[in-house]
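Asks: This is the structure I have questions about; it appears just below.
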Amino acid sequence: MFEPNINIIFNSKDDVFVFQLETGGIISYTIFDSSLHYMESNSLKDKDILKFSTLIDEYDTIHLVALLNTGDLNYYKFSEKIWSKLTIAKFDTKSNIYNQIEVLKINNKLHIIYNYSNLINSNIWTIQHVVYESEEKHNAIRYLSKKSTDPFVLSYDSQGTIHILYRNDINNPQIYHCFYSPYTRTWSSLPKQVSSDNSNTSLPFLFIDSKDNLHGLWIEALDGRYQLKYLRMSSKGKEKYIWKDVLLPYIQFSKFLPIIFEENNVLKLIFISNNSINLLYSNDYGCTWSKGENSQDIDENIILSKVKKNSNNISYLYCYPFNELKFYFLDSLLHKESKNSTNELPLETENKNISLEIIHTEDTISNELDTKLNELLSNYKNFESQLSKLLANQESLKGKLDEIQKSVDSKKRSILSRLFN
């Protein structure tokens with residue numbers, strides 16, 4: 001189900017690049033437009049590639065790191081439809097097994113993280129971390145696992161802290177969390193066990209949302225029954241940096257890797273149950289979860305692929321990458337229509353209609369303004385008339401008061417003259 005030999009990239013225009021490691025160690029890629037219509041196919045010139053990983057930066061430059069059978073670690077860049085290549089390291093592929101390689105671009109620095117074991121002690125695995133074009137190189141984690149170890153899962157937050165979930169398979173396999181601090185440039189010395197001692201775990205998954213909350217998933221076998229385990233770690237508040245067990249709605253699921261991604265501020269937990277793919281969703285960044293109503297039938301060739309976008313909100317998707325490209329529960333691509341659809345108006349007609357709409361809108365606004373202005377002028381004239389009447393009444397009243405005052409004064413003088421005379 002999980003296909004490590006396929007990587008999918010979305011650029012800022014929502015064009016889709018599907019990279020696939022073919023037989024013979026050749027990396028081919030197919031480009032689809034934002035309506036998921038085929039555009040072109042091509043391949044890298046190098047052969048005998050063992051592992052590869054991709055990413056895309058904010059400038060739409062695609063970065064690809066590939067490990068060849070010869071031990072060469074090649075770094076490819078795709079910009080303005082041109083590939084460039086540089087060999088940046090030499091690995092010992094004769095003595096070591098390299099199971100996984102990942103690349104991240106954080107603060108304009110390329111981070112290469114991979115795991116390997118020696119052929120003599122193939123159960124002892126080391127995760128190494130190298131920062132390209134710097135002196136940084138770390139033996140980040142050492143753990144026990146089988147020769148075909150589970151993939152480790154990583155992500156990074158807005159501060160550049162890299163987090164990893166991995167399975168340490170000693171006697172009773174357990175899930176551990178480890179992180180790298182960009183400030184101290186060191187990995188945590190004591191990885192933290194996040195799964196329960198009495199359970200048998202597998203298939204860890206890690207996602208960091210846009211609010212820097214960590215979300216851990218894995219499958220837990222207890223008393224012969226399988227259940228989905230979900231833990232959440234907040235980056236803020238009283239429970240900062242503490243893994244908390246969060247109860248999920250009851251679901252029946254098949255033993256395939258569940259994933260989480262974020263779309264339009266909603267977290268989506270995708271899982272497979274029998275022959276359908278289903279959804280849990282959270283509107284509060286994982287504090288509570290609800291069941292989605294719509295399940296979707298799955299094609300027998302459905303795969304789980306690594307996905308890279310300019311944003312860090314999607315890391316894996318269930319998809320059907322053959323012939324007609326399809327992504328499950330990715331709403332932003334569900335209702336895409338062809339750019340050449342007959343329902344669309346020609347550009348010139350659209351522009352004319354837009355111009356007419358603008359003119360009509362301007363006329364409407366002008367008429368409304370004229371009406372309002374006339375109303376204001378009419379109200380002003382009424383107010384002026386009322387004010388004139390008030391002033392006239394005030395003058396008349398003042399005259400009457402003056403006459404009354406004269407009459408009173410006259411009577412006062414008459415009374416006084418009679419008293420003193």
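Simple scheme: letters A, B, ... for chains in structure tokens order, numbers from 1 for residues in each chain, numbers from 1 for ligands in the order shown.
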Taking only residues of region 71-135 of chain A that have an atom at most 12 Å from an atom of region 39-42 of chain A, what is each one's shortest atom pair and its distance in Å to one decimal, using only C-alpha atoms, in chain and number order, as a Markdown table?

Replies:
```
| residue | atom | partner | partner_atom | distance |
| --- | --- | --- | --- | --- |
| A:Lys81 | CA | A:Asn42 | CA | 11.2 |
| A:Ile82 | CA | A:Asn42 | CA | 11.9 |
| A:Trp83 | CA | A:Asn42 | CA | 11.4 |
```

Asks: Could you dump the residues just selected with N, CA, C and O atoms as a CSV table (one decimal), in the first residue's frame?

Replies:
```csv
chain,number,residue,atom,x,y,z
A,81,LYS,N,12.3,24.6,-16.0
A,81,LYS,CA,12.3,23.5,-16.9
A,81,LYS,C,13.7,22.9,-17.2
A,81,LYS,O,13.9,22.2,-18.2
A,82,ILE,N,14.7,23.2,-16.4
A,82,ILE,CA,16.1,22.7,-16.6
A,82,ILE,C,16.5,22.0,-15.4
A,82,ILE,O,16.4,22.5,-14.2
A,83,TRP,N,17.2,20.8,-15.6
A,83,TRP,CA,17.7,20.1,-14.4
A,83,TRP,C,19.2,20.4,-14.3
A,83,TRP,O,19.9,20.5,-15.3
```

Asks: Residues within 9 Å of Ile9 (chain A), please, as a list in words. Count only C-alpha atoms; anything in the same chain fewer than 6 positions from it doesn't count.

Replies: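 So, after excluding close chain neighbours, the residues are Asp15, Val16, Phe17, Val18, Phe19, Thr54, Leu55, Ile56, Ile62, Lys306, Val307, Lys308, Lys309 and Asn310 of chain A.
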
Asks: Counting only C-alpha atoms, what is within 6 Å of region 93-103 of chain A, bar same-chain residues fewer than 3 positions away, as a list in words?

Replies: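 Surrounding residues, per the criterion: Ser53, Gly71, His111, Ile112, Ile113, Tyr114, Asn115, Tyr116, Ser117, Asn118 and Leu119 of chain A.
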
Asks: Show me, as a PDB file with N, CA, C and O atoms, in the first residue's frame, the residues that have an atom within 12 Å of Lys229 (chain A) when counting only C-alpha atoms, minus same-chain residues fewer than 6 positions from it.

Replies:
```pdb
ATOM      1  N   ILE A 175       6.942   2.704  20.059  1.00  0.00           N
ATOM      2  CA  ILE A 175       7.106   3.926  19.284  1.00  0.00           C
ATOM      3  C   ILE A 175       7.842   4.965  20.135  1.00  0.00           C
ATOM      4  O   ILE A 175       7.498   5.184  21.302  1.00  0.00           O
ATOM      5  N   VAL A 194       6.498   6.794  23.540  1.00  0.00           N
ATOM      6  CA  VAL A 194       5.148   7.363  23.581  1.00  0.00           C
ATOM      7  C   VAL A 194       4.060   6.293  23.504  1.00  0.00           C
ATOM      8  O   VAL A 194       2.881   6.599  23.679  1.00  0.00           O
ATOM      9  N   SER A 195       4.423   5.052  23.241  1.00  0.00           N
ATOM     10  CA  SER A 195       3.446   3.963  23.210  1.00  0.00           C
ATOM     11  C   SER A 195       3.448   3.218  24.539  1.00  0.00           C
ATOM     12  O   SER A 195       4.359   3.373  25.358  1.00  0.00           O
ATOM     13  N   SER A 196       2.429   2.380  24.758  1.00  0.00           N
ATOM     14  CA  SER A 196       2.281   1.649  26.019  1.00  0.00           C
ATOM     15  C   SER A 196       3.138   0.385  26.025  1.00  0.00           C
ATOM     16  O   SER A 196       3.288  -0.285  24.999  1.00  0.00           O
ATOM     17  N   SER A 199       1.604  -3.131  24.799  1.00  0.00           N
ATOM     18  CA  SER A 199       1.046  -3.237  23.455  1.00  0.00           C
ATOM     19  C   SER A 199       2.139  -3.511  22.432  1.00  0.00           C
ATOM     20  O   SER A 199       3.314  -3.212  22.658  1.00  0.00           O
ATOM     21  N   ASN A 200       1.728  -4.061  21.318  1.00  0.00           N
ATOM     22  CA  ASN A 200       2.630  -4.308  20.195  1.00  0.00           C
ATOM     23  C   ASN A 200       2.285  -3.296  19.108  1.00  0.00           C
ATOM     24  O   ASN A 200       1.157  -3.263  18.617  1.00  0.00           O
ATOM     25  N   THR A 201       3.220  -2.454  18.726  1.00  0.00           N
ATOM     26  CA  THR A 201       2.912  -1.320  17.846  1.00  0.00           C
ATOM     27  C   THR A 201       3.556  -1.477  16.471  1.00  0.00           C
ATOM     28  O   THR A 201       4.559  -2.172  16.300  1.00  0.00           O
ATOM     29  N   SER A 202       2.981  -0.766  15.509  1.00  0.00           N
ATOM     30  CA  SER A 202       3.536  -0.758  14.150  1.00  0.00           C
ATOM     31  C   SER A 202       3.045   0.476  13.412  1.00  0.00           C
ATOM     32  O   SER A 202       2.098   1.148  13.830  1.00  0.00           O
ATOM     33  N   LEU A 203       3.710   0.766  12.304  1.00  0.00           N
ATOM     34  CA  LEU A 203       3.304   1.823  11.371  1.00  0.00           C
ATOM     35  C   LEU A 203       3.116   3.186  12.034  1.00  0.00           C
ATOM     36  O   LEU A 203       2.021   3.758  12.042  1.00  0.00           O
ATOM     37  N   PRO A 204       4.168   3.761  12.597  1.00  0.00           N
ATOM     38  CA  PRO A 204       4.027   5.113  13.175  1.00  0.00           C
ATOM     39  C   PRO A 204       3.833   6.164  12.089  1.00  0.00           C
ATOM     40  O   PRO A 204       4.337   6.034  10.974  1.00  0.00           O
ATOM     41  N   PHE A 205       3.097   7.214  12.449  1.00  0.00           N
ATOM     42  CA  PHE A 205       2.890   8.338  11.540  1.00  0.00           C
ATOM     43  C   PHE A 205       2.921   9.626  12.349  1.00  0.00           C
ATOM     44  O   PHE A 205       2.402   9.686  13.466  1.00  0.00           O
ATOM     45  N   LEU A 206       3.512  10.682  11.783  1.00  0.00           N
ATOM     46  CA  LEU A 206       3.649  11.971  12.467  1.00  0.00           C
ATOM     47  C   LEU A 206       3.213  13.093  11.537  1.00  0.00           C
ATOM     48  O   LEU A 206       3.558  13.111  10.353  1.00  0.00           O
ATOM     49  N   HIS A 215       0.917  15.557  15.963  1.00  0.00           N
ATOM     50  CA  HIS A 215      -0.098  14.518  15.948  1.00  0.00           C
ATOM     51  C   HIS A 215       0.580  13.193  15.617  1.00  0.00           C
ATOM     52  O   HIS A 215       1.183  13.049  14.547  1.00  0.00           O
ATOM     53  N   GLY A 216       0.497  12.248  16.544  1.00  0.00           N
ATOM     54  CA  GLY A 216       1.113  10.943  16.351  1.00  0.00           C
ATOM     55  C   GLY A 216       0.060   9.860  16.198  1.00  0.00           C
ATOM     56  O   GLY A 216      -0.929   9.817  16.941  1.00  0.00           O
ATOM     57  N   LEU A 217       0.258   8.983  15.215  1.00  0.00           N
ATOM     58  CA  LEU A 217      -0.641   7.856  14.965  1.00  0.00           C
ATOM     59  C   LEU A 217       0.172   6.577  14.858  1.00  0.00           C
ATOM     60  O   LEU A 217       1.309   6.594  14.379  1.00  0.00           O
ATOM     61  N   TRP A 218      -0.396   5.470  15.278  1.00  0.00           N
ATOM     62  CA  TRP A 218       0.162   4.160  14.994  1.00  0.00           C
ATOM     63  C   TRP A 218      -0.901   3.106  15.254  1.00  0.00           C
ATOM     64  O   TRP A 218      -1.964   3.396  15.814  1.00  0.00           O
ATOM     65  N   ILE A 219      -0.603   1.901  14.820  1.00  0.00           N
ATOM     66  CA  ILE A 219      -1.523   0.781  15.034  1.00  0.00           C
ATOM     67  C   ILE A 219      -1.024  -0.023  16.225  1.00  0.00           C
ATOM     68  O   ILE A 219       0.163  -0.331  16.333  1.00  0.00           O
ATOM     69  N   GLU A 220      -1.939  -0.346  17.118  1.00  0.00           N
ATOM     70  CA  GLU A 220      -1.606  -1.023  18.364  1.00  0.00           C
ATOM     71  C   GLU A 220      -2.332  -2.364  18.426  1.00  0.00           C
ATOM     72  O   GLU A 220      -3.556  -2.425  18.229  1.00  0.00           O
ATOM     73  N   ALA A 221      -1.578  -3.436  18.656  1.00  0.00           N
ATOM     74  CA  ALA A 221      -2.167  -4.765  18.814  1.00  0.00           C
ATOM     75  C   ALA A 221      -2.200  -5.101  20.296  1.00  0.00           C
ATOM     76  O   ALA A 221      -1.168  -5.097  20.967  1.00  0.00           O
ATOM     77  N   LEU A 222      -3.399  -5.368  20.812  1.00  0.00           N
ATOM     78  CA  LEU A 222      -3.578  -5.665  22.234  1.00  0.00           C
ATOM     79  C   LEU A 222      -4.588  -6.796  22.370  1.00  0.00           C
ATOM     80  O   LEU A 222      -5.731  -6.670  21.928  1.00  0.00           O
ATOM     81  N   LYS A 244      -0.475  13.876  24.844  1.00  0.00           N
ATOM     82  CA  LYS A 244      -1.752  13.577  25.487  1.00  0.00           C
ATOM     83  C   LYS A 244      -2.530  12.567  24.635  1.00  0.00           C
ATOM     84  O   LYS A 244      -2.657  12.721  23.416  1.00  0.00           O
ATOM     85  N   ASP A 245      -3.064  11.570  25.316  1.00  0.00           N
ATOM     86  CA  ASP A 245      -3.888  10.554  24.665  1.00  0.00           C
ATOM     87  C   ASP A 245      -5.265  11.147  24.368  1.00  0.00           C
ATOM     88  O   ASP A 245      -5.943  11.634  25.271  1.00  0.00           O
ATOM     89  N   VAL A 246      -5.688  11.120  23.109  1.00  0.00           N
ATOM     90  CA  VAL A 246      -6.985  11.663  22.707  1.00  0.00           C
ATOM     91  C   VAL A 246      -7.831  10.519  22.149  1.00  0.00           C
ATOM     92  O   VAL A 246      -7.381   9.760  21.285  1.00  0.00           O
ATOM     93  N   LEU A 247      -9.053  10.410  22.644  1.00  0.00           N
ATOM     94  CA  LEU A 247      -9.945   9.338  22.232  1.00  0.00           C
ATOM     95  C   LEU A 247     -10.541   9.656  20.865  1.00  0.00           C
ATOM     96  O   LEU A 247     -11.049  10.750  20.627  1.00  0.00           O
ATOM     97  N   LEU A 248     -10.490   8.676  19.969  1.00  0.00           N
ATOM     98  CA  LEU A 248     -11.077   8.802  18.646  1.00  0.00           C
ATOM     99  C   LEU A 248     -12.438   8.101  18.605  1.00  0.00           C
ATOM    100  O   LEU A 248     -12.680   7.167  19.378  1.00  0.00           O
ATOM    101  N   PRO A 249     -13.338   8.509  17.720  1.00  0.00           N
ATOM    102  CA  PRO A 249     -14.572   7.747  17.522  1.00  0.00           C
ATOM    103  C   PRO A 249     -14.239   6.310  17.116  1.00  0.00           C
ATOM    104  O   PRO A 249     -13.214   6.068  16.460  1.00  0.00           O
ATOM    105  N   TYR A 250     -15.101   5.386  17.502  1.00  0.00           N
ATOM    106  CA  TYR A 250     -14.831   3.983  17.170  1.00  0.00           C
ATOM    107  C   TYR A 250     -14.881   3.783  15.653  1.00  0.00           C
ATOM    108  O   TYR A 250     -15.812   4.223  14.973  1.00  0.00           O
ATOM    109  N   ILE A 251     -13.855   3.126  15.133  1.00  0.00           N
ATOM    110  CA  ILE A 251     -13.803   2.837  13.699  1.00  0.00           C
ATOM    111  C   ILE A 251     -13.285   1.420  13.507  1.00  0.00           C
ATOM    112  O   ILE A 251     -12.527   0.898  14.320  1.00  0.00           O
ATOM    113  N   PHE A 253     -10.990  -0.635  10.981  1.00  0.00           N
ATOM    114  CA  PHE A 253     -10.043  -0.301   9.929  1.00  0.00           C
ATOM    115  C   PHE A 253      -9.195  -1.506   9.570  1.00  0.00           C
ATOM    116  O   PHE A 253      -9.015  -2.436  10.362  1.00  0.00           O
ATOM    117  N   LEU A 257      -1.605   1.922   6.852  1.00  0.00           N
ATOM    118  CA  LEU A 257      -1.158   3.126   7.544  1.00  0.00           C
ATOM    119  C   LEU A 257      -2.208   4.232   7.484  1.00  0.00           C
ATOM    120  O   LEU A 257      -2.579   4.681   6.404  1.00  0.00           O
ATOM    121  N   PRO A 258      -2.740   4.702   8.624  1.00  0.00           N
ATOM    122  CA  PRO A 258      -3.607   5.886   8.637  1.00  0.00           C
ATOM    123  C   PRO A 258      -2.747   7.150   8.559  1.00  0.00           C
ATOM    124  O   PRO A 258      -1.598   7.153   9.008  1.00  0.00           O
ATOM    125  N   ILE A 259      -3.294   8.212   8.003  1.00  0.00           N
ATOM    126  CA  ILE A 259      -2.532   9.457   7.832  1.00  0.00           C
ATOM    127  C   ILE A 259      -3.376  10.642   8.271  1.00  0.00           C
ATOM    128  O   ILE A 259      -4.602  10.548   8.402  1.00  0.00           O
ATOM    129  N   LEU A 269      -8.163  12.890   9.135  1.00  0.00           N
ATOM    130  CA  LEU A 269      -7.525  11.613   9.434  1.00  0.00           C
ATOM    131  C   LEU A 269      -8.127  10.585   8.472  1.00  0.00           C
ATOM    132  O   LEU A 269      -9.316  10.310   8.523  1.00  0.00           O
TER     133      LEU A 269
END
```

Asks: Quick one: of A:Val266, A:Leu44, A:Ile314, A:Val131, who's nearest to Ser282 (chain A), counting only C-alpha atoms?

Replies: A:Val266

Asks: Determine, counting only C-alpha atoms, which protein, DNA and RNA residues have an atom within 10 Å of an atom of Leu333 (chain A); residues of the same chain fewer than 3 positions away are not included. Present the result as an mmCIF file with C-alpha atoms, in the first residue's frame.

Replies:
```cif
data_model
loop_
_atom_site.group_PDB
_atom_site.id
_atom_site.type_symbol
_atom_site.label_atom_id
_atom_site.label_comp_id
_atom_site.auth_asym_id
_atom_site.auth_seq_id
_atom_site.Cartn_x
_atom_site.Cartn_y
_atom_site.Cartn_z
ATOM 1 C CA ASP A 14 -1.172 23.374 -8.364
ATOM 2 C CA SER A 34 -3.997 21.947 -12.036
ATOM 3 C CA SER A 35 -7.056 20.244 -13.574
ATOM 4 C CA LEU A 36 -5.155 16.929 -13.395
ATOM 5 C CA LYS A 326 -6.949 10.905 -8.398
ATOM 6 C CA PHE A 327 -6.489 12.049 -4.785
ATOM 7 C CA TYR A 328 -8.762 10.928 -1.966
ATOM 8 C CA PHE A 329 -10.402 13.547 0.309
ATOM 9 C CA LEU A 330 -8.344 16.406 -1.102
ATOM 10 C CA LYS A 336 -11.422 21.061 -10.928
ATOM 11 C CA GLU A 337 -12.682 21.676 -14.475
#
```

Asks: Would you mind reading off the distance between CA of Phe271 (chain A) and CA of Ile164 (chain A), one decimal, in Å?

Replies: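 Going from CA of Phe271 (chain A) over to CA of Ile164 (chain A), I get 21.2 Å.
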
Asks: Do a neighbour search on Asp299 (chain A) at 12 Å with only C-alpha atoms, toss out local chain neighbours closer than 4 positions, and write the hits as a PyMOL selection string.

Replies: chain A and resi 1+272+274-277+303+318-322+324-328

Asks: Please produce a file of those selected residues containing N, CA and C atoms, as a short mmCIF file (atom, residue, chain, number, x, y, z; two decimals), in the first residue's frame.

Replies:
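Result written to result_28.cif:
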```cif
data_model
loop_
_atom_site.label_atom_id
_atom_site.label_comp_id
_atom_site.auth_asym_id
_atom_site.auth_seq_id
_atom_site.Cartn_x
_atom_site.Cartn_y
_atom_site.Cartn_z
N MET A 1 0.83 -1.20 0.00
CA MET A 1 0.00 0.00 0.00
C MET A 1 0.87 1.25 0.00
N ILE A 272 -8.32 3.27 5.97
CA ILE A 272 -8.97 2.31 5.07
C ILE A 272 -9.68 1.26 5.90
N ASN A 274 -11.95 -2.18 5.14
CA ASN A 274 -12.40 -3.14 4.11
C ASN A 274 -12.07 -2.60 2.72
N ASN A 275 -13.08 -2.32 1.91
CA ASN A 275 -12.83 -1.87 0.54
C ASN A 275 -13.16 -0.40 0.34
N SER A 276 -13.16 0.36 1.42
CA SER A 276 -13.47 1.78 1.29
C SER A 276 -12.46 2.61 2.08
N ILE A 277 -12.34 3.86 1.69
CA ILE A 277 -11.45 4.80 2.38
C ILE A 277 -12.34 5.81 3.09
N ILE A 303 -2.55 3.74 -3.78
CA ILE A 303 -1.28 3.73 -3.06
C ILE A 303 -1.25 4.90 -2.07
N TYR A 318 -3.37 9.41 0.09
CA TYR A 318 -3.80 8.23 -0.65
C TYR A 318 -4.24 8.69 -2.03
N CYS A 319 -3.79 7.98 -3.05
CA CYS A 319 -4.06 8.43 -4.40
C CYS A 319 -4.04 7.26 -5.38
N TYR A 320 -4.48 7.56 -6.58
CA TYR A 320 -4.38 6.64 -7.70
C TYR A 320 -3.57 7.38 -8.76
N PRO A 321 -2.25 7.08 -8.89
CA PRO A 321 -1.38 7.91 -9.72
C PRO A 321 -1.23 7.40 -11.16
N PHE A 322 -2.08 6.48 -11.58
CA PHE A 322 -1.92 5.89 -12.90
C PHE A 322 -3.04 6.37 -13.82
N GLU A 324 -5.55 8.21 -15.07
CA GLU A 324 -6.24 9.40 -14.56
C GLU A 324 -5.88 9.59 -13.09
N LEU A 325 -5.15 10.65 -12.81
CA LEU A 325 -4.67 10.93 -11.45
C LEU A 325 -5.84 11.28 -10.55
N LYS A 326 -5.87 10.65 -9.35
CA LYS A 326 -6.95 10.90 -8.40
C LYS A 326 -6.40 10.95 -6.99
N PHE A 327 -6.87 11.92 -6.19
CA PHE A 327 -6.49 12.05 -4.78
C PHE A 327 -7.75 11.91 -3.92
N TYR A 328 -7.61 11.18 -2.83
CA TYR A 328 -8.76 10.93 -1.97
C TYR A 328 -8.87 11.97 -0.85
#
```

Asks: Enumerate the residues of region 38-120 of chain A with a DSSP assignment of strand (DSSP E), computed from the backbone, and present them as a PyMOL selection string.

Replies: chain A and resi 38-43+49-56+62-68+72-79+82-90+96-106+109-118

Asks: How many Å separate CA of Ile26 (chain A) from CA of Thr87 (chain A)?

Replies: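 Atom-to-atom, CA of Ile26 (chain A) to CA of Thr87 (chain A), that is 16.7 Å.
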
Asks: What's the separation between CA of Arg225 (chain A) and CA of Asn168 (chain A), in Å to one decimal place?

Replies: 20.8 Å

Asks: Give me the residues within 9 Å of Lys45 (chain A) as an MDAnalysis selection string, counting only C-alpha atoms and dropping any in the same chain fewer than 2 places off.

Replies: chainID A and resid 26:27 43 47

Asks: Identify, with DSSP run on backbone atoms, the residues in region 147-365 of chain A assigned to alpha helix (DSSP H), and express the list as number ranges by chain.

Replies: A: 347-365
